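Below is work-v7.cif, which holds mmCIF, C-alpha atoms.
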```
data_structure
#
loop_
_atom_site.label_atom_id
_atom_site.label_comp_id
_atom_site.auth_asym_id
_atom_site.auth_seq_id
_atom_site.Cartn_x
_atom_site.Cartn_y
_atom_site.Cartn_z
CA MET I 1 19.48 148.91 104.71
CA ASN I 2 21.81 151.50 106.24
CA LYS I 3 25.13 151.60 104.44
CA LYS I 4 28.13 152.37 106.64
CA PRO I 5 29.86 155.52 105.31
CA LEU I 6 33.41 155.16 104.02
CA LEU I 7 34.58 157.83 106.44
CA SER I 8 33.14 158.78 109.79
CA VAL I 9 33.17 162.40 110.99
CA ARG I 10 35.98 161.40 113.32
CA ASP I 11 37.95 159.93 110.38
CA VAL I 12 37.58 163.15 108.41
CA ALA I 13 38.88 165.17 111.36
CA VAL I 14 41.80 162.82 112.07
CA LEU I 15 42.78 162.53 108.38
CA GLY I 16 42.68 166.33 108.15
CA ILE I 17 45.03 166.68 111.10
CA MET I 18 47.29 163.97 109.64
CA THR I 19 47.47 165.94 106.36
CA ALA I 20 48.29 169.14 108.25
CA VAL I 21 51.07 167.40 110.20
CA LEU I 22 52.43 165.96 106.94
CA GLU I 23 52.49 169.36 105.23
CA ALA I 24 54.02 171.05 108.30
CA ALA I 25 56.75 168.37 108.49
CA LYS I 26 57.45 168.78 104.76
CA LEU I 27 57.75 172.56 105.04
CA ALA I 28 59.85 172.39 108.22
CA LEU I 29 62.55 170.30 106.52
CA ASP I 30 62.33 171.85 103.05
CA PHE I 31 65.65 173.62 103.59
CA LEU I 32 67.45 170.27 103.82
CA PRO I 33 67.59 168.63 100.37
CA ASN I 34 66.03 165.16 100.44
CA VAL I 35 65.75 164.98 104.21
CA GLU I 36 62.06 164.55 104.86
CA LEU I 37 59.54 163.08 107.26
CA VAL I 38 56.84 162.42 104.66
CA THR I 39 57.95 158.83 104.02
CA LEU I 40 58.03 157.99 107.73
CA LEU I 41 54.71 159.69 108.50
CA LEU I 42 52.94 157.99 105.59
CA MET I 43 54.29 154.63 106.74
CA VAL I 44 53.01 155.18 110.27
CA TYR I 45 49.67 156.51 108.97
CA THR I 46 49.24 153.43 106.76
CA ILE I 47 49.92 151.08 109.64
CA PHE I 48 47.10 152.65 111.64
CA TYR I 49 44.71 153.88 108.97
CA GLY I 50 45.42 151.52 106.04
CA GLY I 51 44.00 152.53 102.66
CA LYS I 52 42.48 155.72 104.08
CA THR I 53 46.01 157.16 103.97
CA LEU I 54 45.51 157.54 100.21
CA ILE I 55 43.10 160.39 100.99
CA VAL I 56 45.88 162.06 103.01
CA VAL I 57 48.27 161.67 100.06
CA LEU I 58 45.77 163.21 97.65
CA ALA I 59 45.10 166.13 100.00
CA PHE I 60 48.84 166.59 100.59
CA THR I 61 49.58 166.60 96.83
CA LEU I 62 46.80 169.13 96.30
CA ILE I 63 48.21 171.44 99.00
CA GLU I 64 51.69 171.12 97.45
CA CYS I 65 50.16 172.08 94.08
CA PHE I 66 48.60 175.17 95.65
CA THR I 67 51.85 176.22 97.33
CA LYS I 68 54.40 175.23 94.68
CA GLY I 69 52.45 175.04 91.43
CA ILE I 70 51.69 172.15 89.12
CA HIS I 71 54.61 170.39 87.48
CA VAL I 72 56.08 166.98 86.66
CA TRP I 73 56.58 166.13 90.32
CA VAL I 74 52.78 166.02 90.76
CA ILE I 75 52.71 162.92 88.51
CA MET I 76 55.58 161.46 90.54
CA TYR I 77 53.76 162.09 93.83
CA LEU I 78 50.62 160.43 92.45
CA TYR I 79 52.35 157.09 91.98
CA MET I 80 55.30 157.23 94.40
CA TRP I 81 53.37 157.77 97.63
CA PRO I 82 50.52 155.32 96.82
CA LEU I 83 53.23 152.75 95.99
CA LEU I 84 54.73 153.26 99.46
CA ILE I 85 51.29 152.96 101.06
CA LEU I 86 50.61 149.72 99.19
CA ILE I 87 53.92 148.18 100.28
CA VAL I 88 53.42 149.21 103.92
CA TYR I 89 49.81 148.01 103.87
CA LEU I 90 50.87 144.56 102.65
CA ALA I 91 53.86 144.43 105.02
CA ASN I 92 51.69 145.40 107.98
CA LYS I 93 49.27 142.59 107.17
CA ARG I 94 52.21 140.18 107.37
CA GLY I 95 53.27 141.61 110.74
CA ALA I 96 56.44 143.45 109.67
CA GLY I 97 58.58 144.89 112.47
CA HIS I 98 60.43 148.12 113.17
CA LEU I 99 63.67 147.15 111.40
CA PHE I 100 61.76 146.11 108.28
CA TYR I 101 60.23 149.59 108.03
CA CYS I 102 63.66 151.22 108.53
CA ILE I 103 65.07 149.15 105.65
CA LEU I 104 62.00 149.87 103.53
CA ALA I 105 62.38 153.62 104.14
CA ALA I 106 66.05 153.40 103.16
CA PHE I 107 65.27 151.49 99.95
CA TYR I 108 62.48 153.91 99.16
CA GLY I 109 64.82 156.91 99.54
CA LEU I 110 67.53 155.26 97.46
CA PHE I 111 65.21 154.38 94.58
CA PHE I 112 63.15 157.58 94.78
CA GLY I 113 65.10 159.31 92.00
CA LEU I 114 65.06 156.23 89.76
CA PHE I 115 61.28 155.85 90.02
CA CYS I 116 60.76 159.60 89.71
CA SER I 117 62.68 159.60 86.43
CA ILE I 118 59.89 157.55 84.77
CA PRO I 119 57.95 160.63 83.49
CA TYR I 120 61.15 161.86 81.81
CA LEU I 121 61.23 158.63 79.79
CA PHE I 122 58.12 159.88 78.04
CA ILE I 123 59.26 163.52 77.89
CA GLY I 124 62.82 163.17 76.60
CA GLY I 125 63.50 159.47 76.19
CA ILE I 126 65.83 157.13 78.04
CA SER I 127 68.81 159.50 77.72
CA MET I 128 67.04 162.31 79.58
CA ALA I 129 65.64 159.98 82.23
CA PHE I 130 69.05 158.38 82.80
CA THR I 131 70.90 161.73 83.01
CA TRP I 132 68.27 163.11 85.37
CA TRP I 133 68.50 160.07 87.61
CA ILE I 134 72.34 159.93 87.64
CA ALA I 135 72.56 163.65 88.45
CA GLY I 136 70.36 163.07 91.48
CA ILE I 137 72.17 160.02 92.92
CA PRO I 138 73.98 162.03 95.65
CA TYR I 139 70.56 163.32 96.76
CA ASP I 140 69.15 159.79 96.66
CA LEU I 141 71.99 158.58 98.90
CA VAL I 142 71.20 161.37 101.39
CA HIS I 143 67.51 160.40 101.13
CA CYS I 144 68.35 156.75 101.82
CA ILE I 145 70.53 157.42 104.88
CA SER I 146 68.26 160.10 106.36
CA ASN I 147 65.15 157.96 105.90
CA PHE I 148 66.83 155.05 107.69
CA ILE I 149 68.02 157.18 110.61
CA LEU I 150 64.72 159.07 110.98
CA CYS I 151 62.76 155.82 110.89
CA LEU I 152 65.10 154.19 113.39
CA ILE I 153 64.65 157.07 115.85
CA LEU I 154 61.07 158.25 115.29
CA PHE I 155 59.10 155.21 114.14
CA ARG I 156 58.27 153.88 117.62
CA PRO I 157 57.40 157.24 119.24
CA LEU I 158 55.16 158.10 116.26
CA CYS I 159 53.47 154.70 116.47
CA ALA I 160 52.85 155.29 120.17
CA VAL I 161 51.19 158.64 119.40
CA MET I 162 49.08 157.14 116.60
CA ARG I 163 48.03 154.28 118.89
CA ARG I 164 46.78 156.82 121.43
CA VAL I 165 44.90 158.72 118.72
CA LYS I 166 43.34 155.52 117.42
CA GLU I 167 42.36 154.29 120.87
CA MET I 168 40.94 157.64 121.98
CA SER I 169 37.33 156.85 121.21
CA PRO I 170 34.65 159.53 121.78
CA GLN I 171 33.14 157.43 124.59
CA LYS I 172 36.44 157.30 126.46
CA ARG I 173 36.82 161.05 126.34
CA ARG I 174 33.53 161.70 128.03
CA MET K 11 57.56 132.51 110.04
CA THR K 12 60.08 131.75 112.78
CA LYS K 13 62.07 134.52 114.44
CA THR K 14 65.31 133.12 112.96
CA GLY K 15 63.79 133.13 109.48
CA LYS K 16 62.70 136.75 109.88
CA THR K 17 66.14 137.79 111.15
CA LYS K 18 67.82 136.06 108.20
CA LYS K 19 65.57 137.90 105.75
CA LEU K 20 66.29 141.24 107.42
CA ILE K 21 70.05 140.61 107.29
CA LEU K 22 69.72 139.73 103.60
CA ALA K 23 67.73 142.94 103.02
CA ILE K 24 70.45 145.00 104.72
CA ILE K 25 73.13 143.32 102.56
CA LEU K 26 71.03 144.00 99.45
CA LEU K 27 70.60 147.64 100.50
CA ALA K 28 74.37 148.02 100.99
CA ALA K 29 74.98 146.41 97.58
CA CYS K 30 72.52 148.82 95.95
CA VAL K 31 74.23 151.80 97.61
CA VAL K 32 77.61 150.62 96.27
CA CYS K 33 76.13 150.14 92.77
CA PHE K 34 74.59 153.62 92.83
CA VAL K 35 77.89 155.18 93.92
CA LEU K 36 79.75 153.32 91.14
CA LEU K 37 77.17 154.43 88.57
CA PHE K 38 77.54 158.03 89.73
CA LEU K 39 81.34 157.81 89.55
CA LYS K 40 81.15 156.28 86.06
CA PHE K 41 78.54 158.58 84.54
CA GLY K 42 78.65 161.54 86.95
CA PRO K 43 81.43 164.12 87.53
CA LYS K 44 84.56 164.04 85.40
CA ALA K 45 87.78 166.00 85.75
CA GLU K 46 87.70 169.02 83.48
CA LYS K 47 90.29 171.20 81.85
CA GLY K 48 89.77 174.59 80.25
CA SER K 49 91.19 178.04 79.83
CA LYS K 50 88.56 180.06 81.76
CA ALA K 51 87.89 179.79 85.49
CA TYR K 52 84.27 180.09 86.56
CA VAL K 53 81.95 179.82 89.53
CA LEU K 54 78.32 178.86 89.01
CA GLU K 55 75.96 179.07 91.96
CA VAL K 56 72.45 177.67 91.93
CA LYS K 57 70.10 179.30 94.41
CA GLY K 58 66.82 177.43 94.35
CA ILE K 59 64.05 177.53 96.90
CA GLU K 60 64.62 173.95 97.99
CA LYS K 61 68.24 173.36 97.02
CA SER K 62 71.38 175.38 96.55
CA ALA K 63 74.64 174.30 94.99
CA LYS K 64 77.97 175.76 93.92
CA TYR K 65 80.17 174.60 91.06
CA GLU K 66 83.69 175.76 90.32
CA GLY K 67 86.01 174.80 87.54
CA ARG K 68 87.55 175.69 84.23
CA THR K 69 85.92 175.70 80.83
CA ASP K 70 86.42 176.53 77.21
CA ALA K 71 82.70 177.17 76.67
CA GLU K 72 81.93 180.36 74.80
CA PHE K 73 78.51 180.92 76.36
CA LEU K 74 76.85 180.12 79.66
CA SER K 75 74.60 177.48 78.07
CA GLY K 76 77.73 175.66 76.86
CA LEU K 77 79.15 175.77 80.38
CA MET K 78 75.85 174.43 81.74
CA ASP K 79 75.86 171.64 79.16
CA GLU K 80 79.39 170.70 80.27
CA LEU K 81 78.34 170.70 83.90
CA GLN K 82 75.31 168.58 83.09
CA GLU K 83 77.54 165.95 81.54
CA LYS K 84 80.21 165.98 84.20
CA LYS K 85 78.69 167.00 87.51
CA ASP K 86 75.56 166.57 89.58
CA PHE K 87 73.98 169.48 87.79
CA SER K 88 70.96 169.39 85.54
CA TYR K 89 68.91 171.97 83.75
CA ARG K 90 66.08 172.12 81.31
CA GLY K 91 65.20 174.94 79.02
CA THR K 92 63.47 175.83 75.84
CA GLY K 93 64.14 178.23 72.99
CA SER K 94 62.23 181.51 73.10
CA ASP K 95 62.25 184.88 71.34
CA TYR K 96 64.76 186.03 73.93
CA GLY K 97 67.07 183.03 73.70
CA LEU K 98 67.27 179.99 75.92
CA TYR K 99 64.60 180.11 78.62
CA ILE K 100 65.66 178.02 81.63
CA TYR K 101 62.71 176.52 83.46
CA ALA K 102 64.36 173.88 85.65
CA VAL K 103 67.69 173.64 87.42
CA ASN K 104 68.71 170.70 89.59
CA ARG K 105 65.17 169.34 89.42
CA GLU K 106 63.64 172.57 90.73
CA GLU K 107 61.19 174.01 88.27
CA ALA K 108 60.05 177.59 87.79
CA ASN K 109 56.39 177.91 86.98
CA ASP K 110 53.70 180.42 86.19
CA ALA K 111 51.40 179.18 88.94
CA ASN K 112 53.58 180.65 91.68
CA LYS K 113 55.14 183.23 89.34
CA THR K 114 58.73 182.09 89.54
CA TYR K 115 61.52 182.09 86.98
CA TRP K 116 65.22 181.32 86.86
CA ALA K 117 67.16 184.60 86.88
CA ILE K 118 70.80 184.85 85.73
CA TYR K 119 73.29 187.04 87.60
CA VAL K 120 76.72 187.73 86.14
CA ASN K 121 79.39 188.87 88.59
CA GLY K 122 76.70 190.10 90.98
CA GLU K 123 74.66 191.99 88.39
CA TYR K 124 71.39 191.00 86.79
CA GLY K 125 72.21 189.32 83.46
CA MET K 126 71.20 191.10 80.27
CA TYR K 127 71.31 188.02 78.06
CA GLY K 128 69.82 184.57 77.87
CA ALA K 129 72.04 181.66 78.85
CA ASP K 130 72.86 180.88 75.21
CA SER K 131 74.09 184.40 74.48
CA GLN K 132 75.75 185.21 77.80
CA PRO K 133 79.53 185.13 77.14
CA VAL K 134 81.83 183.33 79.58
CA SER K 135 85.01 185.20 80.54
CA ASP K 136 87.85 184.07 82.75
CA GLY K 137 86.95 184.48 86.43
CA ASP K 138 83.22 185.01 85.88
CA THR K 139 80.77 184.19 88.65
CA PHE K 140 77.30 183.20 87.54
CA ILE K 141 74.28 182.79 89.76
CA LEU K 142 71.11 181.00 88.70
CA ALA K 143 68.45 182.09 91.17
CA LEU K 144 64.85 180.98 91.35
CA GLU K 145 62.99 184.25 91.82
CA SER K 146 59.48 185.59 91.84
CA TYR K 147 58.41 188.06 89.18
CA GLU K 148 55.61 189.56 91.27
#
```
Can I see the file as structure tokens?
Amino acid sequence: MNKKPLLSVRDVAVLGIMTAVLEAAKLALDFLPNVELVTLLLMVYTIFYGGKTLIVVLAFTLIECFTKGIHVWVIMYLYMWPLLILIVYLANKRGAGHLFYCILAAFYGLFFGLFCSIPYLFIGGISMAFTWWIAGIPYDLVHCISNFILCLILFRPLCAVMRRVKEMSPQKRR
Amino acid sequence: MTKTGKTKKLILAIILLAACVVCFVLLFLKFGPKAEKGSKAYVLEVKGIEKSAKYEGRTDAEFLSGLMDELQEKKDFSYRGTGSDYGLYIYAVNREEANDANKTYWAIYVNGEYGMYGADSQPVSDGDTFILALESYE
């Protein structure tokens, strides 16, 4: 019996481009602390590509390791982004709308520092984790507001682009 | 679910989000920056790759590490370091970490000149300007 492969050649190509766009968007906004398009892009990717977005996250984390080195944030990335993908995946199955994703992005930005402080619980105890989180609250507030605004403005155009990519089958292009 | 039900849930989510924002701000005000008094004026600039920040104030700290400890308690500043043969080795400031993989380290500049001491032996004088810069050692 022929087993259907997990990823088609087309999937590999599209996921590769998605990873490249993600990394480019991350680098483009690196000069603005906690203003990023990664959350929004991963949400849109998950809506159209579901669990396959995890491959994009792994590739993205690997590229970040190559460019910035391996540190505590790698652990954070490995649970923070899959968590977002899981939430979006479940929400998409229940037919969540645009405003829901804007609110989700805002919540995600606001709680990013709190969830990212988890590794510090094991490194320096609750005191270190708490201090680290509190020190970053202004950045989390910026993250929250910027995520909401970016999602409000860019979610629909990005979905439109992804819809075109998804619908562009090889047969249609011939 | 009906459209009205969905709208109600979204409004509740927005209220919850606003409440969380208020709580976070209150937490920051309670445990974050505090007014400080001291005999020596200072400026501490952090020049990371991703983030930059500037802190000004007055302190009684004898050494830079003491000033950084004060800032960590009172302002949105954080650092992590470890003891080494050459004194306190700073490897993270404001969540930005130096690492061997991309050959970066946190350099200390004192009044525009490259610091000769570690943070725990760098004296603080009135009017000093310190810069913590994430630099490459290549």
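From CA of Ala102 (chain K) back to CA of Tyr52 (chain K), the distance works out to 20.9 Å.
Across the chains present, the PyMOL selection byres ((chain I) within 6 of (chain K)) applied to this file returns Asp30, Phe31, Pro33, Gly69, Ile134 and Ala135 of chain I.
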Counting only C-alpha atoms, which residues come within 9 Å of (64.9, 150.9, 104.6), with the point read in the file's coordinates, and could you list them as a PyMOL selection string? (chain I and resi 99-110+144-145+147-148+151) or (chain K and resi 23-24+27)
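Distance-wise, CA of Ser146 (chain I) and CA of Leu32 (chain I) end up 10.5 Å apart.
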Interatomic distance between CA of Gly97 (chain K) and CA of Asp130 (chain K)? 6.4 Å
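Restricting the calculation to all atoms listed in the file, the smallest distance between Thr61 (chain I) and any of I:Tyr120, I:Phe112, I:Tyr77, I:Phe48 is found for I:Tyr77.
The nearest approach to Asp79 (chain K) among the residues K:Ala143, K:Ala129, K:Ile25, K:Cys33, with all atoms listed in the file taken into account, belongs to K:Ala129.
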I need the residue nearest Glu55 (chain K) from this list: K:Arg90, K:Val103, K:Tyr115, K:Glu80. Use all atoms listed in the file for the distance. K:Val103
